[in-house]
Amino acid sequence: MILKELQVSSYLLQLESLIRRLPQQHESYSIVQDQIAREHAGYYGECQLIYPLSKLNFPTDLIYQLRLPYNHSFFQIDCLLMTPRFFLIIEAKNYRDLVVFNEFDQVLHKDRVYQDPVMQVEEQKYQLEMWLQMKGIPPIPIETLVTMTNSQALLKAASPNHKEKSRYPS
């Protein structure tokens with residue numbers, strides 16, 4: 001059962017509203033346009049989870065775009081799959097073209113540097129464990145998964161001896 005449907009974020013809607021009002025010659029126009037493209041890509045990547053997860057034939061509850069308070073801030077999970085025996089945190093990445101995982105726990109994609117999604121999802125796991133503990137909910141095993149939702153992604157490790165090799169099957 002889907003407990004929370006996937007929705008376009010209010011942030012993306014705000015950016016789209018802003019770009020309609022912003023003159024094209026404005027110094028921030030290209031920055032806003034780039035941010036809109038990244039938000040659309042992220043949303044599209046999360047949408048790619050819906051169909052495969054709909055084919056599961058065992059009891060599950062799904063929450064998309066879960067945002068929880070933790071330690072005077074918030075953390076967000078793209079998709080939380082809950083069963084009576086375990087929870088699964090799914091982090092969707094919609095990279096395309098060449099994606100390089102380097103030895104500094106970073107992802108290099110199109111002249112940009114991002115946090116390693118495996119480290120990101122492991123941090124989400126820790127935060128969810130702490131949040132559940134704070135709420136007095138008994139411990140449950142939590143597994144993690146990073147999925148690359150774009151078939152046009154070419155994944156590479158920075159070097160053959162890279163420690164990430166064990167986490168990213170070839």
# chains A, B, ... in the order shown; residues from 1 in each chain; ligands from 1
>>> closest_atom_pairs(of="segment 90-143 of chain A", to="segment 37-44 of chain A", cutoff="9 Å", atoms="only C-alpha atoms", output="Markdown table")
| residue | atom | partner | partner_atom | distance |
| --- | --- | --- | --- | --- |
| A:Ala92 | CA | A:Gly42 | CA | 7.7 |
| A:Lys93 | CA | A:Gly42 | CA | 6.8 |
| A:Asn94 | CA | A:Gly42 | CA | 6.0 |
| A:Tyr95 | CA | A:Ala41 | CA | 8.0 |
>>> residues_around(residues="Leu132 of chain A", least_positions_apart="5", cutoff="12 Å", atoms="only C-alpha atoms", output="ChimeraX atom specification")
/A:68-70,87,125-127,137-142
>>> select_by_dssp(residues="segment 2-169 of chain A", states="strand (DSSP E)", output="PDB file with N, CA and C atoms, in the first residue's frame")
ATOM      1  N   ILE A   2       0.542   2.195  -0.797  1.00  0.00           N
ATOM      2  CA  ILE A   2       1.293   3.455  -0.844  1.00  0.00           C
ATOM      3  C   ILE A   2       0.711   4.386   0.217  1.00  0.00           C
ATOM      4  N   LEU A   3       1.510   4.696   1.224  1.00  0.00           N
ATOM      5  CA  LEU A   3       1.067   5.572   2.307  1.00  0.00           C
ATOM      6  C   LEU A   3       1.233   7.043   1.961  1.00  0.00           C
ATOM      7  N   LYS A   4       2.215   7.342   1.119  1.00  0.00           N
ATOM      8  CA  LYS A   4       2.428   8.719   0.644  1.00  0.00           C
ATOM      9  C   LYS A   4       2.874   8.648  -0.809  1.00  0.00           C
ATOM     10  N   ASP A  61       4.478  -1.505   2.611  1.00  0.00           N
ATOM     11  CA  ASP A  61       3.976  -0.136   2.632  1.00  0.00           C
ATOM     12  C   ASP A  61       5.079   0.729   2.050  1.00  0.00           C
ATOM     13  N   LEU A  62       4.691   1.688   1.222  1.00  0.00           N
ATOM     14  CA  LEU A  62       5.658   2.577   0.579  1.00  0.00           C
ATOM     15  C   LEU A  62       5.377   4.019   0.977  1.00  0.00           C
ATOM     16  N   ILE A  63       6.448   4.729   1.257  1.00  0.00           N
ATOM     17  CA  ILE A  63       6.363   6.167   1.492  1.00  0.00           C
ATOM     18  C   ILE A  63       7.387   6.818   0.569  1.00  0.00           C
ATOM     19  N   TYR A  64       6.906   7.659  -0.334  1.00  0.00           N
ATOM     20  CA  TYR A  64       7.797   8.410  -1.221  1.00  0.00           C
ATOM     21  C   TYR A  64       8.075   9.775  -0.611  1.00  0.00           C
ATOM     22  N   GLN A  65       9.286  10.270  -0.821  1.00  0.00           N
ATOM     23  CA  GLN A  65       9.696  11.604  -0.379  1.00  0.00           C
ATOM     24  C   GLN A  65       9.414  11.825   1.106  1.00  0.00           C
ATOM     25  N   LEU A  66       9.884  10.905   1.908  1.00  0.00           N
ATOM     26  CA  LEU A  66       9.704  11.005   3.350  1.00  0.00           C
ATOM     27  C   LEU A  66      10.678  12.043   3.905  1.00  0.00           C
ATOM     28  N   ARG A  67      10.151  12.999   4.641  1.00  0.00           N
ATOM     29  CA  ARG A  67      10.975  14.061   5.235  1.00  0.00           C
ATOM     30  C   ARG A  67      10.703  14.065   6.734  1.00  0.00           C
ATOM     31  N   LEU A  68      11.759  13.813   7.516  1.00  0.00           N
ATOM     32  CA  LEU A  68      11.609  13.690   8.963  1.00  0.00           C
ATOM     33  C   LEU A  68      12.547  14.634   9.699  1.00  0.00           C
ATOM     34  N   PRO A  69      12.093  15.153  10.838  1.00  0.00           N
ATOM     35  CA  PRO A  69      12.977  16.010  11.634  1.00  0.00           C
ATOM     36  C   PRO A  69      13.987  15.165  12.402  1.00  0.00           C
ATOM     37  N   TYR A  70      15.207  15.670  12.443  1.00  0.00           N
ATOM     38  CA  TYR A  70      16.249  15.002  13.219  1.00  0.00           C
ATOM     39  C   TYR A  70      17.337  16.003  13.577  1.00  0.00           C
ATOM     40  N   SER A  73      17.182  19.643  12.436  1.00  0.00           N
ATOM     41  CA  SER A  73      17.180  19.765  10.985  1.00  0.00           C
ATOM     42  C   SER A  73      16.198  18.730  10.437  1.00  0.00           C
ATOM     43  N   PHE A  74      16.299  18.434   9.160  1.00  0.00           N
ATOM     44  CA  PHE A  74      15.460  17.431   8.531  1.00  0.00           C
ATOM     45  C   PHE A  74      16.320  16.543   7.652  1.00  0.00           C
ATOM     46  N   PHE A  75      15.853  15.321   7.418  1.00  0.00           N
ATOM     47  CA  PHE A  75      16.473  14.469   6.411  1.00  0.00           C
ATOM     48  C   PHE A  75      15.367  13.911   5.545  1.00  0.00           C
ATOM     49  N   GLN A  76      15.724  13.619   4.293  1.00  0.00           N
ATOM     50  CA  GLN A  76      14.730  13.151   3.332  1.00  0.00           C
ATOM     51  C   GLN A  76      15.167  11.820   2.743  1.00  0.00           C
ATOM     52  N   ILE A  77      14.172  10.946   2.568  1.00  0.00           N
ATOM     53  CA  ILE A  77      14.377   9.636   1.970  1.00  0.00           C
ATOM     54  C   ILE A  77      13.524   9.586   0.708  1.00  0.00           C
ATOM     55  N   ASP A  78      14.137   9.215  -0.424  1.00  0.00           N
ATOM     56  CA  ASP A  78      13.379   9.151  -1.680  1.00  0.00           C
ATOM     57  C   ASP A  78      12.230   8.164  -1.580  1.00  0.00           C
ATOM     58  N   CYS A  79      12.512   6.970  -1.082  1.00  0.00           N
ATOM     59  CA  CYS A  79      11.467   5.955  -0.955  1.00  0.00           C
ATOM     60  C   CYS A  79      11.802   5.052   0.227  1.00  0.00           C
ATOM     61  N   LEU A  80      10.816   4.863   1.092  1.00  0.00           N
ATOM     62  CA  LEU A  80      10.966   3.926   2.204  1.00  0.00           C
ATOM     63  C   LEU A  80       9.974   2.797   1.984  1.00  0.00           C
ATOM     64  N   LEU A  81      10.513   1.591   1.829  1.00  0.00           N
ATOM     65  CA  LEU A  81       9.712   0.385   1.675  1.00  0.00           C
ATOM     66  C   LEU A  81       9.696  -0.298   3.038  1.00  0.00           C
ATOM     67  N   MET A  82       8.492  -0.543   3.562  1.00  0.00           N
ATOM     68  CA  MET A  82       8.370  -1.123   4.894  1.00  0.00           C
ATOM     69  C   MET A  82       7.660  -2.470   4.813  1.00  0.00           C
ATOM     70  N   PHE A  87      12.907  -2.678   6.914  1.00  0.00           N
ATOM     71  CA  PHE A  87      12.681  -1.473   6.116  1.00  0.00           C
ATOM     72  C   PHE A  87      13.778  -1.422   5.062  1.00  0.00           C
ATOM     73  N   LEU A  88      13.464  -0.855   3.910  1.00  0.00           N
ATOM     74  CA  LEU A  88      14.448  -0.655   2.847  1.00  0.00           C
ATOM     75  C   LEU A  88      14.402   0.801   2.421  1.00  0.00           C
ATOM     76  N   ILE A  89      15.528   1.482   2.565  1.00  0.00           N
ATOM     77  CA  ILE A  89      15.645   2.862   2.088  1.00  0.00           C
ATOM     78  C   ILE A  89      16.174   2.800   0.664  1.00  0.00           C
ATOM     79  N   ILE A  90      15.447   3.409  -0.266  1.00  0.00           N
ATOM     80  CA  ILE A  90      15.867   3.430  -1.669  1.00  0.00           C
ATOM     81  C   ILE A  90      16.195   4.866  -2.050  1.00  0.00           C
ATOM     82  N   GLU A  91      17.412   5.062  -2.496  1.00  0.00           N
ATOM     83  CA  GLU A  91      17.870   6.371  -2.991  1.00  0.00           C
ATOM     84  C   GLU A  91      17.963   6.280  -4.504  1.00  0.00           C
ATOM     85  N   ALA A  92      17.195   7.099  -5.191  1.00  0.00           N
ATOM     86  CA  ALA A  92      17.173   7.092  -6.651  1.00  0.00           C
ATOM     87  C   ALA A  92      18.102   8.182  -7.180  1.00  0.00           C
ATOM     88  N   LYS A  93      18.932   7.814  -8.140  1.00  0.00           N
ATOM     89  CA  LYS A  93      19.804   8.780  -8.813  1.00  0.00           C
ATOM     90  C   LYS A  93      19.534   8.684 -10.306  1.00  0.00           C
ATOM     91  N   ASP A  97      24.975   9.696 -18.805  1.00  0.00           N
ATOM     92  CA  ASP A  97      26.346   9.847 -19.300  1.00  0.00           C
ATOM     93  C   ASP A  97      27.333   9.264 -18.285  1.00  0.00           C
ATOM     94  N   LEU A  98      28.556   9.745 -18.301  1.00  0.00           N
ATOM     95  CA  LEU A  98      29.613   9.197 -17.459  1.00  0.00           C
ATOM     96  C   LEU A  98      29.471   9.681 -16.008  1.00  0.00           C
ATOM     97  N   VAL A  99      29.509   8.733 -15.081  1.00  0.00           N
ATOM     98  CA  VAL A  99      29.461   9.015 -13.647  1.00  0.00           C
ATOM     99  C   VAL A  99      30.672   8.324 -13.025  1.00  0.00           C
ATOM    100  N   VAL A 100      31.540   9.101 -12.402  1.00  0.00           N
ATOM    101  CA  VAL A 100      32.773   8.558 -11.835  1.00  0.00           C
ATOM    102  C   VAL A 100      32.694   8.624 -10.311  1.00  0.00           C
ATOM    103  N   PHE A 101      32.950   7.488  -9.679  1.00  0.00           N
ATOM    104  CA  PHE A 101      33.010   7.401  -8.227  1.00  0.00           C
ATOM    105  C   PHE A 101      34.484   7.450  -7.854  1.00  0.00           C
ATOM    106  N   GLN A 106      33.168  10.846  -3.407  1.00  0.00           N
ATOM    107  CA  GLN A 106      32.477  11.829  -4.232  1.00  0.00           C
ATOM    108  C   GLN A 106      32.066  11.181  -5.549  1.00  0.00           C
ATOM    109  N   VAL A 107      31.070  11.792  -6.161  1.00  0.00           N
ATOM    110  CA  VAL A 107      30.644  11.398  -7.496  1.00  0.00           C
ATOM    111  C   VAL A 107      30.911  12.575  -8.410  1.00  0.00           C
ATOM    112  N   LEU A 108      31.585  12.314  -9.527  1.00  0.00           N
ATOM    113  CA  LEU A 108      31.862  13.354 -10.519  1.00  0.00           C
ATOM    114  C   LEU A 108      30.944  13.122 -11.703  1.00  0.00           C
ATOM    115  N   HIS A 109      30.184  14.162 -12.039  1.00  0.00           N
ATOM    116  CA  HIS A 109      29.239  14.061 -13.141  1.00  0.00           C
ATOM    117  C   HIS A 109      29.115  15.424 -13.812  1.00  0.00           C
ATOM    118  N   ARG A 112      30.562  18.495 -12.201  1.00  0.00           N
ATOM    119  CA  ARG A 112      30.007  18.760 -10.875  1.00  0.00           C
ATOM    120  C   ARG A 112      30.470  17.655  -9.925  1.00  0.00           C
ATOM    121  N   VAL A 113      30.546  18.021  -8.664  1.00  0.00           N
ATOM    122  CA  VAL A 113      30.920  17.065  -7.630  1.00  0.00           C
ATOM    123  C   VAL A 113      29.723  16.891  -6.704  1.00  0.00           C
ATOM    124  N   TYR A 114      29.379  15.630  -6.453  1.00  0.00           N
ATOM    125  CA  TYR A 114      28.267  15.307  -5.563  1.00  0.00           C
ATOM    126  C   TYR A 114      28.753  14.364  -4.480  1.00  0.00           C
ATOM    127  N   GLN A 115      27.995  14.295  -3.386  1.00  0.00           N
ATOM    128  CA  GLN A 115      28.284  13.331  -2.329  1.00  0.00           C
ATOM    129  C   GLN A 115      28.017  11.926  -2.859  1.00  0.00           C
ATOM    130  N   ILE A 142      17.190  -2.324   8.989  1.00  0.00           N
ATOM    131  CA  ILE A 142      17.053  -1.347   7.910  1.00  0.00           C
ATOM    132  C   ILE A 142      18.137  -1.637   6.884  1.00  0.00           C
ATOM    133  N   GLU A 143      17.722  -1.871   5.660  1.00  0.00           N
ATOM    134  CA  GLU A 143      18.641  -2.098   4.544  1.00  0.00           C
ATOM    135  C   GLU A 143      18.634  -0.856   3.656  1.00  0.00           C
ATOM    136  N   THR A 144      19.649  -0.723   2.827  1.00  0.00           N
ATOM    137  CA  THR A 144      19.752   0.440   1.942  1.00  0.00           C
ATOM    138  C   THR A 144      20.023  -0.009   0.516  1.00  0.00           C
ATOM    139  N   LEU A 145      19.591   0.826  -0.417  1.00  0.00           N
ATOM    140  CA  LEU A 145      19.794   0.551  -1.836  1.00  0.00           C
ATOM    141  C   LEU A 145      19.901   1.874  -2.581  1.00  0.00           C
ATOM    142  N   VAL A 146      20.918   1.989  -3.413  1.00  0.00           N
ATOM    143  CA  VAL A 146      21.021   3.119  -4.337  1.00  0.00           C
ATOM    144  C   VAL A 146      20.731   2.558  -5.706  1.00  0.00           C
ATOM    145  N   THR A 147      19.792   3.172  -6.405  1.00  0.00           N
ATOM    146  CA  THR A 147      19.466   2.705  -7.745  1.00  0.00           C
ATOM    147  C   THR A 147      19.690   3.820  -8.752  1.00  0.00           C
ATOM    148  N   MET A 148      20.357   3.478  -9.832  1.00  0.00           N
ATOM    149  CA  MET A 148      20.562   4.406 -10.931  1.00  0.00           C
ATOM    150  C   MET A 148      19.387   4.193 -11.889  1.00  0.00           C
ATOM    151  N   ALA A 153      23.282   5.919 -17.954  1.00  0.00           N
ATOM    152  CA  ALA A 153      24.396   6.167 -17.040  1.00  0.00           C
ATOM    153  C   ALA A 153      25.497   5.142 -17.271  1.00  0.00           C
ATOM    154  N   LEU A 154      26.726   5.626 -17.373  1.00  0.00           N
ATOM    155  CA  LEU A 154      27.902   4.769 -17.472  1.00  0.00           C
ATOM    156  C   LEU A 154      28.697   4.973 -16.182  1.00  0.00           C
ATOM    157  N   LEU A 155      28.709   3.946 -15.327  1.00  0.00           N
ATOM    158  CA  LEU A 155      29.334   4.048 -14.015  1.00  0.00           C
ATOM    159  C   LEU A 155      30.769   3.566 -14.070  1.00  0.00           C
ATOM    160  N   LYS A 156      31.665   4.358 -13.469  1.00  0.00           N
ATOM    161  CA  LYS A 156      33.080   3.985 -13.425  1.00  0.00           C
ATOM    162  C   LYS A 156      33.652   4.328 -12.065  1.00  0.00           C
ATOM    163  N   ALA A 157      34.567   3.470 -11.603  1.00  0.00           N
ATOM    164  CA  ALA A 157      35.341   3.777 -10.407  1.00  0.00           C
ATOM    165  C   ALA A 157      36.591   4.520 -10.862  1.00  0.00           C
TER     166      ALA A 157
END
>>> atom_distance(atom1="atom CA of Thr83 of chain A", atom2="atom CA of Ser151 of chain A")
28.2 Å
>>> atom_distance(atom1="atom CA of Lys110 of chain A", atom2="atom CA of Gln35 of chain A")
14.3 Å
>>> residues_around(residues="Val32 of chain A", least_positions_apart="4", cutoff="10 Å", atoms="only C-alpha atoms", output="PyMOL selection string")
chain A and resi 15-16+18-19+22+27-28+36-38
>>> closest_residue(among="A:Met1, A:Gln14, A:Met130, A:His26", to="Ile50 of chain A", atoms="only C-alpha atoms")
A:Met1
>>> closest_residue(among="A:Cys47, A:Leu6, A:Leu12, A:Leu53", to="Gln33 of chain A", atoms="only C-alpha atoms")
A:Leu12
>>> select_by_dssp(residues="chain A", states="alpha helix (DSSP H)", output="NGL selection string")
:A and (10-21 or 29-47 or 50-54 or 117-134)
>>> write_last_selection(atoms="N, CA and C atoms", output="short mmCIF file (atom, residue, chain, number, x, y, z; two decimals), in the first residue's frame")
data_model
loop_
_atom_site.label_atom_id
_atom_site.label_comp_id
_atom_site.auth_asym_id
_atom_site.auth_seq_id
_atom_site.Cartn_x
_atom_site.Cartn_y
_atom_site.Cartn_z
N SER A 10 7.30 21.20 -3.68
CA SER A 10 6.92 22.62 -3.66
C SER A 10 8.11 23.48 -4.09
N TYR A 11 9.33 23.00 -3.82
CA TYR A 11 10.52 23.74 -4.24
C TYR A 11 10.59 23.85 -5.76
N LEU A 12 10.33 22.75 -6.46
CA LEU A 12 10.33 22.77 -7.93
C LEU A 12 9.22 23.69 -8.45
N LEU A 13 8.06 23.63 -7.85
CA LEU A 13 6.97 24.52 -8.26
C LEU A 13 7.34 25.98 -8.04
N GLN A 14 8.03 26.27 -6.95
CA GLN A 14 8.47 27.64 -6.68
C GLN A 14 9.49 28.10 -7.72
N LEU A 15 10.42 27.22 -8.06
CA LEU A 15 11.42 27.57 -9.07
C LEU A 15 10.76 27.84 -10.42
N GLU A 16 9.80 27.02 -10.79
CA GLU A 16 9.10 27.21 -12.07
C GLU A 16 8.31 28.52 -12.07
N SER A 17 7.74 28.86 -10.94
CA SER A 17 7.03 30.13 -10.83
C SER A 17 8.01 31.30 -10.94
N LEU A 18 9.16 31.16 -10.31
CA LEU A 18 10.18 32.21 -10.36
C LEU A 18 10.69 32.43 -11.77
N ILE A 19 10.96 31.36 -12.50
CA ILE A 19 11.55 31.50 -13.83
C ILE A 19 10.59 32.20 -14.80
N ARG A 20 9.30 32.01 -14.59
CA ARG A 20 8.30 32.68 -15.44
C ARG A 20 8.30 34.19 -15.22
N ARG A 21 8.70 34.60 -14.04
CA ARG A 21 8.68 36.03 -13.70
C ARG A 21 10.04 36.71 -13.87
N TYR A 29 19.14 34.06 -13.99
CA TYR A 29 18.25 33.26 -14.82
C TYR A 29 18.84 31.88 -15.13
N SER A 30 20.09 31.82 -15.54
CA SER A 30 20.69 30.53 -15.90
C SER A 30 20.89 29.64 -14.67
N ILE A 31 21.12 30.24 -13.52
CA ILE A 31 21.27 29.47 -12.29
C ILE A 31 19.94 28.81 -11.92
N VAL A 32 18.86 29.57 -12.01
CA VAL A 32 17.53 29.04 -11.71
C VAL A 32 17.15 27.97 -12.73
N GLN A 33 17.45 28.22 -13.99
CA GLN A 33 17.16 27.25 -15.05
C GLN A 33 17.90 25.93 -14.80
N ASP A 34 19.16 26.02 -14.39
CA ASP A 34 19.95 24.83 -14.09
C ASP A 34 19.37 24.07 -12.89
N GLN A 35 18.96 24.81 -11.88
CA GLN A 35 18.38 24.18 -10.70
C GLN A 35 17.05 23.48 -11.05
N ILE A 36 16.27 24.09 -11.91
CA ILE A 36 15.02 23.47 -12.36
C ILE A 36 15.31 22.16 -13.09
N ALA A 37 16.32 22.16 -13.95
CA ALA A 37 16.67 20.95 -14.69
C ALA A 37 17.09 19.84 -13.73
N ARG A 38 17.88 20.17 -12.71
CA ARG A 38 18.31 19.16 -11.74
C ARG A 38 17.14 18.64 -10.91
N GLU A 39 16.24 19.53 -10.53
CA GLU A 39 15.06 19.11 -9.75
C GLU A 39 14.15 18.22 -10.59
N HIS A 40 13.97 18.57 -11.87
CA HIS A 40 13.17 17.73 -12.77
C HIS A 40 13.80 16.35 -12.92
N ALA A 41 15.11 16.32 -13.09
CA ALA A 41 15.81 15.04 -13.25
C ALA A 41 15.64 14.18 -12.00
N GLY A 42 15.76 14.79 -10.83
CA GLY A 42 15.58 14.05 -9.59
C GLY A 42 14.17 13.50 -9.45
N TYR A 43 13.19 14.33 -9.77
CA TYR A 43 11.79 13.89 -9.70
C TYR A 43 11.53 12.76 -10.70
N TYR A 44 12.05 12.91 -11.91
CA TYR A 44 11.87 11.86 -12.92
C TYR A 44 12.53 10.56 -12.45
N GLY A 45 13.69 10.65 -11.84
CA GLY A 45 14.37 9.46 -11.33
C GLY A 45 13.54 8.77 -10.26
N GLU A 46 12.94 9.55 -9.37
CA GLU A 46 12.08 8.97 -8.35
C GLU A 46 10.84 8.34 -8.97
N CYS A 47 10.31 8.95 -10.03
CA CYS A 47 9.14 8.38 -10.72
C CYS A 47 9.46 7.00 -11.31
N ILE A 50 8.39 3.83 -9.29
CA ILE A 50 6.99 3.46 -9.07
C ILE A 50 6.63 2.13 -9.73
N TYR A 51 6.92 1.97 -11.00
CA TYR A 51 6.51 0.76 -11.71
C TYR A 51 7.16 -0.50 -11.14
N PRO A 52 8.49 -0.56 -11.00
CA PRO A 52 9.07 -1.81 -10.47
C PRO A 52 8.57 -2.13 -9.05
N LEU A 53 8.37 -1.11 -8.24
CA LEU A 53 7.90 -1.38 -6.88
C LEU A 53 6.44 -1.83 -6.87
N SER A 54 5.68 -1.44 -7.88
CA SER A 54 4.28 -1.86 -7.96
C SER A 54 4.15 -3.35 -8.23
N PRO A 117 26.39 8.63 -3.23
CA PRO A 117 25.03 8.25 -2.84
C PRO A 117 24.99 7.09 -1.85
N VAL A 118 26.01 6.24 -1.85
CA VAL A 118 26.05 5.15 -0.88
C VAL A 118 26.26 5.74 0.52
N MET A 119 27.15 6.69 0.65
CA MET A 119 27.35 7.35 1.94
C MET A 119 26.09 8.11 2.34
N GLN A 120 25.43 8.73 1.36
CA GLN A 120 24.20 9.47 1.62
C GLN A 120 23.12 8.56 2.20
N VAL A 121 22.91 7.40 1.57
CA VAL A 121 21.86 6.49 2.02
C VAL A 121 22.23 5.84 3.36
N GLU A 122 23.51 5.64 3.62
CA GLU A 122 23.93 5.11 4.91
C GLU A 122 23.69 6.14 6.02
N GLU A 123 23.88 7.41 5.71
CA GLU A 123 23.58 8.48 6.66
C GLU A 123 22.07 8.53 6.92
N GLN A 124 21.27 8.35 5.88
CA GLN A 124 19.81 8.32 6.04
C GLN A 124 19.40 7.14 6.95
N LYS A 125 20.07 6.02 6.77
CA LYS A 125 19.79 4.84 7.61
C LYS A 125 20.06 5.17 9.07
N TYR A 126 21.21 5.77 9.34
CA TYR A 126 21.55 6.15 10.71
C TYR A 126 20.51 7.11 11.29
N GLN A 127 20.15 8.12 10.51
CA GLN A 127 19.19 9.11 10.98
C GLN A 127 17.82 8.48 11.22
N LEU A 128 17.40 7.56 10.35
CA LEU A 128 16.12 6.87 10.55
C LEU A 128 16.17 6.00 11.80
N GLU A 129 17.27 5.30 12.01
CA GLU A 129 17.42 4.49 13.23
C GLU A 129 17.30 5.37 14.48
N MET A 130 17.96 6.51 14.47
CA MET A 130 17.91 7.42 15.62
C MET A 130 16.51 8.00 15.79
N TRP A 131 15.85 8.33 14.68
CA TRP A 131 14.49 8.89 14.73
C TRP A 131 13.53 7.85 15.32
N LEU A 132 13.62 6.61 14.87
CA LEU A 132 12.76 5.55 15.39
C LEU A 132 13.01 5.33 16.88
N GLN A 133 14.28 5.36 17.27
CA GLN A 133 14.64 5.20 18.68
C GLN A 133 14.05 6.34 19.52
N MET A 134 14.16 7.58 19.02
CA MET A 134 13.61 8.74 19.73
C MET A 134 12.11 8.62 19.91
#
>>> atom_distance(atom1="atom CA of Ala158 of chain A", atom2="atom CA of Asn102 of chain A")
4.7 Å
>>> closest_residue(among="A:Asn57, A:Leu49, A:Arg96, A:Pro23", to="Gln152 of chain A", atoms="only C-alpha atoms")
A:Arg96
